[in-house]
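Source file my_file.txt; content: compact mmCIF, C-alpha atoms.
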```
# COMPACT_ATOMS: atom_id res chain seq x y z
CA MET X 16 -56.33 7.61 66.76
CA GLY X 17 -56.63 9.98 69.59
CA LEU X 18 -56.54 13.54 70.79
CA LYS X 19 -56.87 15.78 73.77
CA ASN X 20 -59.83 18.09 73.44
CA ALA X 21 -60.11 21.62 74.78
CA ARG X 22 -60.74 20.25 78.25
CA GLY X 23 -57.77 17.93 78.10
CA VAL X 24 -59.86 14.76 77.90
CA VAL X 25 -58.16 12.07 75.86
CA LEU X 26 -60.34 10.79 73.05
CA LEU X 27 -59.45 7.89 70.82
CA VAL X 28 -60.98 6.68 67.62
CA ALA X 29 -60.02 4.30 64.89
CA ALA X 30 -58.62 6.13 61.89
CA THR X 31 -59.78 3.84 59.15
CA ALA X 32 -59.84 5.37 55.67
CA LEU X 33 -61.98 3.52 53.20
CA ALA X 34 -60.21 2.17 50.17
CA GLY X 35 -62.63 -0.41 48.83
CA GLY X 36 -62.48 -0.68 45.07
CA LEU X 37 -59.36 1.42 44.55
CA ALA X 38 -58.84 0.10 41.09
CA ALA X 39 -60.70 0.17 37.79
CA MET X 40 -60.75 -1.02 34.23
CA ALA X 41 -58.83 1.38 32.00
CA ALA X 42 -60.83 1.23 28.78
CA VAL X 43 -61.69 4.59 27.23
CA LYS X 44 -65.32 3.45 27.08
CA THR X 45 -66.59 0.64 29.27
CA ALA X 46 -69.53 -1.65 29.25
CA LYS X 47 -71.50 -1.94 32.45
CA VAL X 48 -69.25 -4.18 34.52
CA THR X 49 -69.56 -5.42 38.09
CA ASN X 50 -66.25 -6.02 39.82
CA ALA X 51 -65.83 -7.99 43.01
CA VAL X 52 -63.76 -5.91 45.41
CA VAL X 53 -61.15 -7.35 47.75
CA ALA X 54 -58.95 -4.43 48.71
CA HIS X 55 -56.44 -3.66 51.43
CA ALA X 56 -55.48 -0.17 52.62
CA SER X 57 -52.63 1.15 54.70
CA PHE X 58 -53.25 4.65 56.04
CA ARG X 59 -51.48 7.01 58.41
CA SER X 60 -53.89 9.07 60.49
CA VAL X 61 -53.82 12.10 62.76
CA VAL X 62 -56.33 14.06 64.79
CA ALA X 63 -57.20 17.47 63.35
CA ALA X 64 -58.88 20.77 64.16
CA PRO X 65 -62.57 21.28 63.30
CA THR X 66 -63.54 21.41 59.62
CA ALA X 67 -66.76 21.05 57.64
CA ASP X 68 -66.35 17.29 58.05
CA CYS X 69 -66.60 17.66 61.83
CA PRO X 70 -67.50 21.26 62.70
CA SER X 71 -67.98 20.96 66.45
CA LEU X 72 -65.31 19.18 68.44
CA ASN X 73 -66.31 18.52 72.04
CA LYS X 74 -65.66 15.92 74.68
CA LYS X 75 -67.58 13.32 72.67
CA GLN X 76 -66.51 14.14 69.13
CA VAL X 77 -63.25 13.89 67.21
CA LEU X 78 -62.06 14.49 63.64
CA VAL X 79 -59.43 12.18 62.18
CA LEU X 80 -57.68 12.79 58.86
CA GLY X 81 -55.98 9.96 56.99
CA ARG X 82 -53.83 9.61 53.91
CA GLY X 83 -52.38 6.55 52.27
CA GLU X 84 -52.57 3.88 49.59
CA GLY X 85 -54.95 1.10 48.71
CA LEU X 86 -54.22 -2.19 46.96
CA GLY X 87 -56.99 -4.13 45.27
CA GLY X 88 -58.20 -5.96 42.25
CA PRO X 89 -56.98 -6.91 39.78
CA PHE X 90 -59.22 -4.58 37.77
CA GLY X 91 -57.88 -4.07 34.30
CA SER X 92 -54.39 -2.62 34.47
CA PHE X 93 -54.82 -0.83 37.81
CA ASN X 94 -54.62 -2.26 41.30
CA THR X 95 -53.38 0.70 43.34
CA ALA X 96 -54.63 4.16 44.26
CA ALA X 97 -53.64 6.97 46.62
CA GLY X 98 -55.99 9.24 48.50
CA THR X 99 -57.26 10.80 51.69
CA ALA X 100 -60.18 10.43 54.08
CA ALA X 101 -61.85 12.42 56.83
CA GLU X 102 -63.97 10.93 59.56
CA CYS X 103 -66.03 12.44 62.33
CA SER X 104 -66.50 10.14 65.31
CA GLN X 105 -69.12 10.65 67.98
CA GLY X 106 -68.76 9.12 71.41
CA VAL X 107 -71.93 7.23 72.35
CA GLY X 108 -73.04 6.16 75.82
CA PRO X 109 -74.07 2.68 76.95
CA THR X 110 -77.81 3.42 76.84
CA THR X 111 -77.75 3.98 73.06
CA PRO X 112 -78.53 0.90 70.97
CA VAL X 113 -75.61 -0.28 68.84
CA PRO X 114 -76.43 0.29 65.14
CA LYS X 115 -76.58 -2.71 62.86
CA LEU X 116 -73.78 -2.30 60.31
CA GLY X 117 -73.39 -5.37 58.14
CA ASN X 118 -71.91 -8.21 60.16
CA CYS X 119 -70.26 -5.99 62.79
CA ASN X 120 -70.04 -7.54 66.25
CA ASN X 121 -67.13 -5.60 67.75
CA VAL X 122 -69.29 -3.58 70.17
CA PRO X 123 -71.20 -5.52 72.87
CA PRO X 124 -74.69 -4.27 73.78
CA LYS X 125 -75.00 -1.71 76.56
CA THR X 126 -71.39 -0.53 76.27
CA PRO X 127 -70.06 2.88 75.12
CA PHE X 128 -68.57 3.06 71.64
CA PHE X 129 -67.64 5.49 68.86
CA HIS X 130 -69.99 5.94 65.89
CA VAL X 131 -67.92 6.94 62.85
CA HIS X 132 -69.06 8.71 59.68
CA GLY X 133 -66.44 9.33 57.00
CA ASN X 134 -65.72 10.13 53.39
CA GLY X 135 -62.72 9.90 51.11
CA PHE X 136 -61.46 10.15 47.57
CA TYR X 137 -58.94 7.88 45.85
CA MET X 138 -57.19 8.18 42.49
CA THR X 139 -56.05 5.49 40.07
CA PRO X 140 -53.05 6.18 37.81
CA ASP X 141 -55.24 7.26 34.87
CA GLY X 142 -56.69 10.13 36.91
CA SER X 143 -60.05 8.58 37.75
CA VAL X 144 -61.30 9.62 41.19
CA LEU X 145 -63.43 7.33 43.33
CA TYR X 146 -65.44 9.05 46.08
CA LEU X 147 -66.61 6.89 48.96
CA LEU X 148 -68.82 7.25 52.02
CA TYR X 149 -68.54 4.96 55.02
CA GLU X 150 -69.93 4.27 58.47
CA GLU X 151 -68.14 2.35 61.22
CA LEU X 152 -68.29 1.23 64.81
CA SER X 153 -65.14 1.64 66.89
CA GLN X 154 -64.40 -0.03 70.19
CA ASN X 155 -64.47 2.14 73.28
CA PRO X 156 -60.78 2.97 73.85
CA PHE X 157 -61.15 3.83 77.52
CA ILE X 158 -61.36 0.17 78.49
CA PHE X 159 -57.76 -0.31 77.34
CA GLY X 160 -56.15 2.34 79.55
CA ALA X 161 -53.22 4.40 78.26
CA PRO X 162 -51.86 3.64 74.77
CA PRO X 163 -50.28 1.85 73.05
CA PHE X 164 -53.06 -0.63 72.34
CA ASN X 165 -55.03 -2.03 69.40
CA LEU X 166 -58.57 -1.14 68.42
CA HIS X 167 -60.76 -3.18 66.09
CA ASP X 168 -63.27 -1.49 63.80
CA CYS X 169 -65.87 -2.67 61.35
CA GLY X 170 -68.51 -1.07 59.18
CA VAL X 171 -69.88 -0.54 55.69
CA TRP X 172 -68.98 1.57 52.64
CA GLN X 173 -70.69 2.79 49.50
CA VAL X 174 -69.67 4.56 46.29
CA ASP X 175 -70.67 8.18 45.65
CA GLY X 176 -71.09 7.83 41.89
CA LYS X 177 -72.20 11.42 41.30
CA ALA X 178 -69.04 12.90 42.80
CA SER X 179 -66.72 10.27 41.30
CA THR X 180 -64.99 11.02 38.00
CA GLY X 181 -63.46 9.16 35.09
CA ILE X 182 -64.04 5.42 35.08
CA PHE X 183 -65.95 5.69 38.37
CA HIS X 184 -68.47 8.37 37.32
CA GLY X 185 -71.97 7.00 37.80
CA ALA X 186 -70.66 3.85 39.46
CA LYS X 187 -72.56 2.03 42.18
CA GLY X 188 -71.17 -0.19 44.87
CA SER X 189 -71.04 -1.12 48.53
CA GLY X 190 -69.38 -3.53 50.91
CA SER X 191 -67.99 -4.22 54.36
CA ILE X 192 -64.98 -2.98 56.34
CA THR X 193 -62.78 -4.60 58.96
CA ALA X 194 -59.77 -2.79 60.39
CA ASP X 195 -56.93 -3.12 62.86
CA VAL X 196 -55.83 0.17 64.46
CA PRO X 197 -52.64 0.06 66.55
CA VAL X 198 -52.80 3.27 68.57
CA ALA X 199 -49.34 4.56 69.47
CA ALA X 200 -48.35 6.40 72.63
CA ASP X 201 -48.77 9.74 70.82
CA PHE X 202 -52.26 8.68 69.65
CA SER X 203 -51.20 8.31 66.02
CA ALA X 204 -52.03 5.15 64.09
CA ILE X 205 -51.04 3.25 60.98
CA VAL X 206 -54.31 1.63 60.01
CA SER X 207 -54.52 -1.73 58.27
CA ALA X 208 -57.94 -2.29 56.74
CA ASP X 209 -59.66 -4.74 54.42
CA TYR X 210 -62.69 -4.07 52.23
CA VAL X 211 -64.95 -6.58 50.52
CA GLY X 212 -67.88 -5.83 48.23
CA LYS X 213 -68.83 -5.00 44.65
CA ILE X 214 -68.56 -1.99 42.35
CA THR X 215 -70.62 -1.70 39.17
CA LEU X 216 -69.12 0.67 36.61
CA ASP X 217 -71.55 2.78 34.61
CA LYS X 218 -71.94 1.91 30.95
CA GLY X 219 -70.13 4.47 28.81
CA SER X 220 -67.93 5.91 31.57
CA GLU X 221 -64.63 7.25 30.25
CA ALA X 222 -61.09 7.00 31.57
CA GLY X 223 -59.89 9.81 33.80
CA LYS X 224 -57.82 12.83 32.80
CA LEU X 225 -54.37 13.72 34.10
CA GLN X 226 -54.71 17.44 34.74
CA ASP X 227 -51.74 19.44 36.06
CA VAL X 228 -52.46 22.20 38.57
CA ALA X 229 -50.50 25.38 39.35
CA CYS X 230 -50.96 26.13 43.05
CA THR X 231 -50.88 29.81 44.08
CA GLY X 232 -52.67 29.74 47.43
CA THR X 233 -54.51 27.27 49.65
CA MET X 234 -55.96 24.02 48.30
CA THR X 235 -58.06 21.91 50.67
CA ASP X 236 -59.67 18.48 50.23
CA THR X 237 -58.63 18.44 46.58
CA PRO X 238 -57.76 15.50 44.31
CA ILE X 239 -55.06 16.60 41.86
CA THR X 240 -55.04 14.02 39.10
CA GLY X 241 -51.79 15.17 37.47
CA ASN X 242 -48.75 17.11 38.70
CA LEU X 243 -48.74 20.05 41.12
CA THR X 244 -46.42 22.99 40.39
CA VAL X 245 -45.50 26.04 42.45
CA ALA X 246 -43.99 28.90 40.43
CA ALA X 247 -41.17 31.20 41.47
CA GLY X 248 -42.29 33.87 43.91
CA THR X 249 -45.52 32.09 44.82
CA SER X 250 -46.54 29.94 47.77
CA CYS X 251 -48.78 26.89 48.04
CA ASP X 252 -50.55 25.59 51.14
CA LEU X 253 -51.77 22.06 50.43
CA GLU X 254 -54.27 20.89 53.06
CA HIS X 255 -55.61 17.32 53.26
CA SER X 256 -55.26 16.74 49.53
CA ALA X 257 -53.79 14.11 47.24
CA VAL X 258 -51.48 14.52 44.23
CA ASN X 259 -51.53 11.70 41.70
CA GLY X 260 -48.27 12.80 40.05
CA ASN X 261 -45.28 14.87 41.16
CA VAL X 262 -44.93 18.09 43.14
CA VAL X 263 -42.39 20.55 41.70
CA VAL X 264 -41.56 23.80 43.52
CA ALA X 265 -39.60 26.30 41.43
CA LYS X 266 -36.67 28.38 42.69
CA GLY X 267 -38.05 31.10 44.96
CA GLY X 268 -41.36 29.31 45.51
CA SER X 269 -42.56 27.81 48.78
CA LEU X 270 -44.68 24.83 49.81
CA MET X 271 -46.51 23.92 52.99
CA MET X 272 -48.13 20.48 52.87
CA ARG X 273 -50.32 19.21 55.71
CA ASN X 274 -52.17 15.90 56.05
CA SER X 275 -51.66 15.19 52.36
CA VAL X 276 -50.26 12.46 50.12
CA VAL X 277 -48.14 12.60 46.95
CA ASN X 278 -48.09 9.51 44.77
CA GLY X 279 -44.99 10.69 42.86
CA LYS X 280 -41.91 12.65 43.88
CA LEU X 281 -41.37 16.00 45.61
CA GLN X 282 -38.81 18.24 43.89
CA CYS X 283 -37.70 21.58 45.31
CA ASN X 284 -34.44 23.01 43.98
CA GLY X 285 -33.64 26.44 45.38
CA CYS X 286 -37.09 27.04 46.80
CA THR X 287 -37.49 29.25 49.86
CA ALA X 288 -39.34 26.59 51.86
CA ALA X 289 -40.62 23.03 51.56
CA THR X 290 -42.38 21.90 54.71
CA THR X 291 -44.41 18.72 55.17
CA VAL X 292 -46.53 18.04 58.26
CA ASN X 293 -48.28 14.69 58.72
CA SER X 294 -47.86 14.01 55.02
CA THR X 295 -46.65 11.11 52.87
CA VAL X 296 -44.57 11.17 49.67
CA TYR X 297 -44.30 7.78 47.96
CA GLY X 298 -41.70 8.86 45.39
CA ASN X 299 -38.24 10.33 45.80
CA LEU X 300 -37.49 13.52 47.71
CA ASP X 301 -35.27 15.94 45.78
CA ILE X 302 -34.96 19.00 48.02
CA LYS X 303 -31.96 21.31 47.74
CA ASN X 304 -31.17 24.75 49.13
CA GLU X 305 -34.48 24.95 50.93
CA SER X 306 -34.69 26.99 54.14
CA THR X 307 -36.77 24.43 56.06
```
Can the structure in the file be given as C-alpha cells, please?
Amino acid sequence: MGLKNARGVVLLVAATALAGGLAAMAAVKTAKVTNAVVAHASFRSVVAAPTADCPSLNKKQVLVLGRGEGLGGPFGSFNTAAGTAAECSQGVGPTTPVPKLGNCNNVPPKTPFFHVHGNGFYMTPDGSVLYLLYEELSQNPFIFGAPPFNLHDCGVWQVDGKASTGIFHGAKGSGSITADVPVAADFSAIVSADYVGKITLDKGSEAGKLQDVACTGTMTDTPITGNLTVAAGTSCDLEHSAVNGNVVVAKGGSLMMRNSVVNGKLQCNGCTAATTVNSTVYGNLDIKNEST
C-alpha cells in the first residue's frame, strides 16, 4: 500500500489484513476445542485519513484500511468469513533494532523498515465475530523505486477473546503471518496472505446471532451480523464496516459505503443514491433508478 502524505512524500506499507482462524464449529454449545489454523486471506487495501487506529499521520506513519474474505479450516460447517482490518504502520530508521516476531527474517539488520500494528474483525455465516490483533514487519519500499513492485511481510497474530462474540467469545489463539503485497502504480494492493496457528474455543461458547440493523446515520468500524436496511427518506454512511448479509436501500433512501465489505447482495430500487468507494460486494448488485 502507499500514500502521499501532507508533504507529498510517498509512503508505502503492506496492507495485510489478518484472517487467521476465520472459521468455527457451529454447535450451539461447544466443548473446549483447539483447532489448528491454516487460513488464506485475499484483501483489497487503501490508504486512509487519520482515525483512532492511527491518529497522527506524518512522514513516517501511514494508516491502511483493508476489506476482504478469508478461507480456512475446515472447522465444523464454516470455512469462510468476511471482514475488515485497520493497520497503523510506523517508518523506522536503520539504527533501530528489528523486533523479533516469530520466524520473521524479511528485514535485514541495520536497514529501515515499517513496523505494523493492526486489528480486524471477521464474521462467519452464523454471525460469530472474531476479533484479532496483529503485528508485522514490512520491507522498506524505497529500495524498490517507483511502483509497481512486490513487498513481503511477516508477523504474528493473536485472538482478542473478550471482544469476540458468538463461537469465538472467550477464545484464545495465536500464530504466524506471511504475506505477498503487489503494490500497483496507484499504491493500491490486493494482498495475499497465509496464517498458521491455533485457536482454542472457550467451553460453553454459543453460536452467533444474525441481527439485522436499520442504518439512519453513520456507522464506523461495525460488524453487522445480519442484513443492513436503509428506509425511505433516510441516509446511511457506512464507513470501514462489514455486512454479513444483504444491504437493501428502500425507494427514496440513500447509501454511501466507504472501505467496507458486503458478504451478500446490494439492492437499491428507486433509491436516491447508492455510492460505493473502495468497497467490495460479493453478492449480486441490483441497483435501479439510482442517481449515482
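Residues with any atom within 7 Å of Phe129 in chain X, counting only C-alpha atoms and excluding same-chain neighbours fewer than 6 positions away, are Val28, Ser104, Gln105, Gly106, Val107, Leu152, Ser153, Gln154 and Asn155 of chain X.
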The residue from X:Ser256, X:Thr290, X:Thr231, X:Asn274 with the smallest atom-to-atom distance to Ala64 in chain X, counting all atoms listed in the file, is X:Asn274
Could you tell me which of X:Gly117, X:Pro140, X:Gly279, X:Pro197 comes closest to Phe164 in chain X if we count all atoms listed in the file?
X:Pro197
May I ask for the distance between CA of Ala199 in chain X and CA of Thr99 in chain X, given in Å to one decimal place?
20.4 Å
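With distances restricted to all atoms listed in the file, X:Ala97 is the closest residue to Thr139 in chain X from X:Cys169, X:Val258, X:Ala97, X:Leu253.
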In the coordinate frame of the file, compute which residues have an atom within 8 Å of (-51.3, 5.5, 68.8) when using only C-alpha atoms, and state them as an NGL selection string.
:X and (16-17 or 162-164 or 197-204)
May I ask which of the residues X:Val53, X:His167, X:Ile239, X:Ser207 is the closest one to Asn120 in chain X, counting only C-alpha atoms?
X:His167
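Comparing the minimum interatomic distances between Arg273 in chain X and each of X:Ser60, X:Thr180, X:Asn134, X:Thr244, counting only C-alpha atoms, we find that X:Ser60 sits nearest.
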With all heavy atoms as the atom set, please write range 210-223 of chain X from the structure just given, as a PDB file, in the first residue's frame.
```pdb
ATOM      1  N   TYR X 210      -1.950 -17.675   7.105  1.00  0.00           N
ATOM      2  CA  TYR X 210      -1.902 -17.634   8.558  1.00  0.00           C
ATOM      3  C   TYR X 210      -1.902 -19.054   9.099  1.00  0.00           C
ATOM      4  O   TYR X 210      -2.709 -19.880   8.700  1.00  0.00           O
ATOM      5  CB  TYR X 210      -3.098 -16.857   9.107  1.00  0.00           C
ATOM      6  CG  TYR X 210      -3.225 -15.521   8.442  1.00  0.00           C
ATOM      7  CD1 TYR X 210      -3.994 -15.369   7.294  1.00  0.00           C
ATOM      8  CD2 TYR X 210      -2.530 -14.428   8.923  1.00  0.00           C
ATOM      9  CE1 TYR X 210      -4.075 -14.157   6.655  1.00  0.00           C
ATOM     10  CE2 TYR X 210      -2.608 -13.205   8.290  1.00  0.00           C
ATOM     11  CZ  TYR X 210      -3.378 -13.075   7.151  1.00  0.00           C
ATOM     12  OH  TYR X 210      -3.446 -11.876   6.504  1.00  0.00           O
ATOM     13  N   VAL X 211      -0.984 -19.316  10.016  1.00  0.00           N
ATOM     14  CA  VAL X 211      -0.860 -20.636  10.614  1.00  0.00           C
ATOM     15  C   VAL X 211      -0.819 -20.467  12.129  1.00  0.00           C
ATOM     16  O   VAL X 211      -0.146 -19.571  12.639  1.00  0.00           O
ATOM     17  CB  VAL X 211       0.415 -21.354  10.123  1.00  0.00           C
ATOM     18  CG1 VAL X 211       0.580 -22.699  10.819  1.00  0.00           C
ATOM     19  CG2 VAL X 211       0.377 -21.531   8.608  1.00  0.00           C
ATOM     20  N   GLY X 212      -1.535 -21.306  12.852  1.00  0.00           N
ATOM     21  CA  GLY X 212      -1.523 -21.223  14.300  1.00  0.00           C
ATOM     22  C   GLY X 212      -2.592 -22.103  14.911  1.00  0.00           C
ATOM     23  O   GLY X 212      -3.010 -23.101  14.317  1.00  0.00           O
ATOM     24  N   LYS X 213      -3.067 -21.723  16.096  1.00  0.00           N
ATOM     25  CA  LYS X 213      -4.107 -22.477  16.789  1.00  0.00           C
ATOM     26  C   LYS X 213      -5.092 -21.525  17.447  1.00  0.00           C
ATOM     27  O   LYS X 213      -4.723 -20.453  17.919  1.00  0.00           O
ATOM     28  CB  LYS X 213      -3.496 -23.391  17.855  1.00  0.00           C
ATOM     29  CG  LYS X 213      -2.638 -24.520  17.306  1.00  0.00           C
ATOM     30  CD  LYS X 213      -2.112 -25.403  18.434  1.00  0.00           C
ATOM     31  CE  LYS X 213      -1.284 -26.543  17.870  1.00  0.00           C
ATOM     32  NZ  LYS X 213      -0.753 -27.420  18.964  1.00  0.00           N
ATOM     33  N   ILE X 214      -6.360 -21.941  17.485  1.00  0.00           N
ATOM     34  CA  ILE X 214      -7.393 -21.231  18.217  1.00  0.00           C
ATOM     35  C   ILE X 214      -8.097 -22.226  19.130  1.00  0.00           C
ATOM     36  O   ILE X 214      -8.554 -23.276  18.681  1.00  0.00           O
ATOM     37  CB  ILE X 214      -8.421 -20.570  17.282  1.00  0.00           C
ATOM     38  CG1 ILE X 214      -7.774 -19.442  16.488  1.00  0.00           C
ATOM     39  CG2 ILE X 214      -9.604 -20.028  18.077  1.00  0.00           C
ATOM     40  CD1 ILE X 214      -8.711 -18.740  15.542  1.00  0.00           C
ATOM     41  N   THR X 215      -8.176 -21.886  20.426  1.00  0.00           N
ATOM     42  CA  THR X 215      -8.893 -22.709  21.389  1.00  0.00           C
ATOM     43  C   THR X 215     -10.210 -22.036  21.725  1.00  0.00           C
ATOM     44  O   THR X 215     -10.237 -20.918  22.263  1.00  0.00           O
ATOM     45  CB  THR X 215      -8.069 -22.907  22.670  1.00  0.00           C
ATOM     46  OG1 THR X 215      -6.846 -23.558  22.346  1.00  0.00           O
ATOM     47  CG2 THR X 215      -8.834 -23.768  23.674  1.00  0.00           C
ATOM     48  N   LEU X 216     -11.318 -22.689  21.381  1.00  0.00           N
ATOM     49  CA  LEU X 216     -12.638 -22.156  21.679  1.00  0.00           C
ATOM     50  C   LEU X 216     -12.963 -22.363  23.151  1.00  0.00           C
ATOM     51  O   LEU X 216     -12.612 -23.387  23.739  1.00  0.00           O
ATOM     52  CB  LEU X 216     -13.687 -22.841  20.805  1.00  0.00           C
ATOM     53  CG  LEU X 216     -13.448 -22.766  19.294  1.00  0.00           C
ATOM     54  CD1 LEU X 216     -14.571 -23.476  18.558  1.00  0.00           C
ATOM     55  CD2 LEU X 216     -13.330 -21.327  18.836  1.00  0.00           C
ATOM     56  N   ASP X 217     -13.650 -21.382  23.737  1.00  0.00           N
ATOM     57  CA  ASP X 217     -13.993 -21.452  25.142  1.00  0.00           C
ATOM     58  C   ASP X 217     -15.130 -22.446  25.376  1.00  0.00           C
ATOM     59  O   ASP X 217     -16.104 -22.490  24.618  1.00  0.00           O
ATOM     60  CB  ASP X 217     -14.403 -20.071  25.637  1.00  0.00           C
ATOM     61  CG  ASP X 217     -14.592 -20.034  27.137  1.00  0.00           C
ATOM     62  OD1 ASP X 217     -13.687 -20.466  27.855  1.00  0.00           O
ATOM     63  OD2 ASP X 217     -15.657 -19.572  27.587  1.00  0.00           O
ATOM     64  N   LYS X 218     -15.012 -23.234  26.416  1.00  0.00           N
ATOM     65  CA  LYS X 218     -16.064 -24.188  26.748  1.00  0.00           C
ATOM     66  C   LYS X 218     -17.359 -23.445  27.052  1.00  0.00           C
ATOM     67  O   LYS X 218     -17.398 -22.513  27.834  1.00  0.00           O
ATOM     68  CB  LYS X 218     -15.643 -25.025  27.954  1.00  0.00           C
ATOM     69  CG  LYS X 218     -16.652 -26.098  28.334  1.00  0.00           C
ATOM     70  CD  LYS X 218     -16.154 -26.923  29.492  1.00  0.00           C
ATOM     71  CE  LYS X 218     -17.176 -27.994  29.866  1.00  0.00           C
ATOM     72  NZ  LYS X 218     -16.690 -28.833  31.006  1.00  0.00           N
ATOM     73  N   GLY X 219     -18.445 -23.863  26.415  1.00  0.00           N
ATOM     74  CA  GLY X 219     -19.743 -23.248  26.645  1.00  0.00           C
ATOM     75  C   GLY X 219     -20.050 -22.059  25.761  1.00  0.00           C
ATOM     76  O   GLY X 219     -21.120 -21.456  25.878  1.00  0.00           O
ATOM     77  N   SER X 220     -19.155 -21.678  24.856  1.00  0.00           N
ATOM     78  CA  SER X 220     -19.464 -20.566  23.951  1.00  0.00           C
ATOM     79  C   SER X 220     -20.611 -20.953  23.029  1.00  0.00           C
ATOM     80  O   SER X 220     -20.775 -22.109  22.657  1.00  0.00           O
ATOM     81  CB  SER X 220     -18.226 -20.200  23.127  1.00  0.00           C
ATOM     82  OG  SER X 220     -17.778 -21.301  22.361  1.00  0.00           O
ATOM     83  N   GLU X 221     -21.449 -19.987  22.698  1.00  0.00           N
ATOM     84  CA  GLU X 221     -22.644 -20.224  21.901  1.00  0.00           C
ATOM     85  C   GLU X 221     -22.476 -19.689  20.492  1.00  0.00           C
ATOM     86  O   GLU X 221     -21.687 -18.783  20.243  1.00  0.00           O
ATOM     87  CB  GLU X 221     -23.857 -19.585  22.561  1.00  0.00           C
ATOM     88  CG  GLU X 221     -24.157 -20.129  23.946  1.00  0.00           C
ATOM     89  CD  GLU X 221     -25.414 -19.531  24.532  1.00  0.00           C
ATOM     90  OE1 GLU X 221     -26.049 -18.718  23.831  1.00  0.00           O
ATOM     91  OE2 GLU X 221     -25.767 -19.874  25.670  1.00  0.00           O
ATOM     92  N   ALA X 222     -23.254 -20.239  19.578  1.00  0.00           N
ATOM     93  CA  ALA X 222     -23.229 -19.763  18.197  1.00  0.00           C
ATOM     94  C   ALA X 222     -23.647 -18.300  18.134  1.00  0.00           C
ATOM     95  O   ALA X 222     -24.330 -17.780  19.017  1.00  0.00           O
ATOM     96  CB  ALA X 222     -24.155 -20.611  17.333  1.00  0.00           C
ATOM     97  N   GLY X 223     -23.231 -17.614  17.087  1.00  0.00           N
ATOM     98  CA  GLY X 223     -23.542 -16.206  16.935  1.00  0.00           C
ATOM     99  C   GLY X 223     -25.004 -15.957  16.611  1.00  0.00           C
ATOM    100  O   GLY X 223     -25.790 -16.877  16.401  1.00  0.00           O
TER     101      GLY X 223
END
```
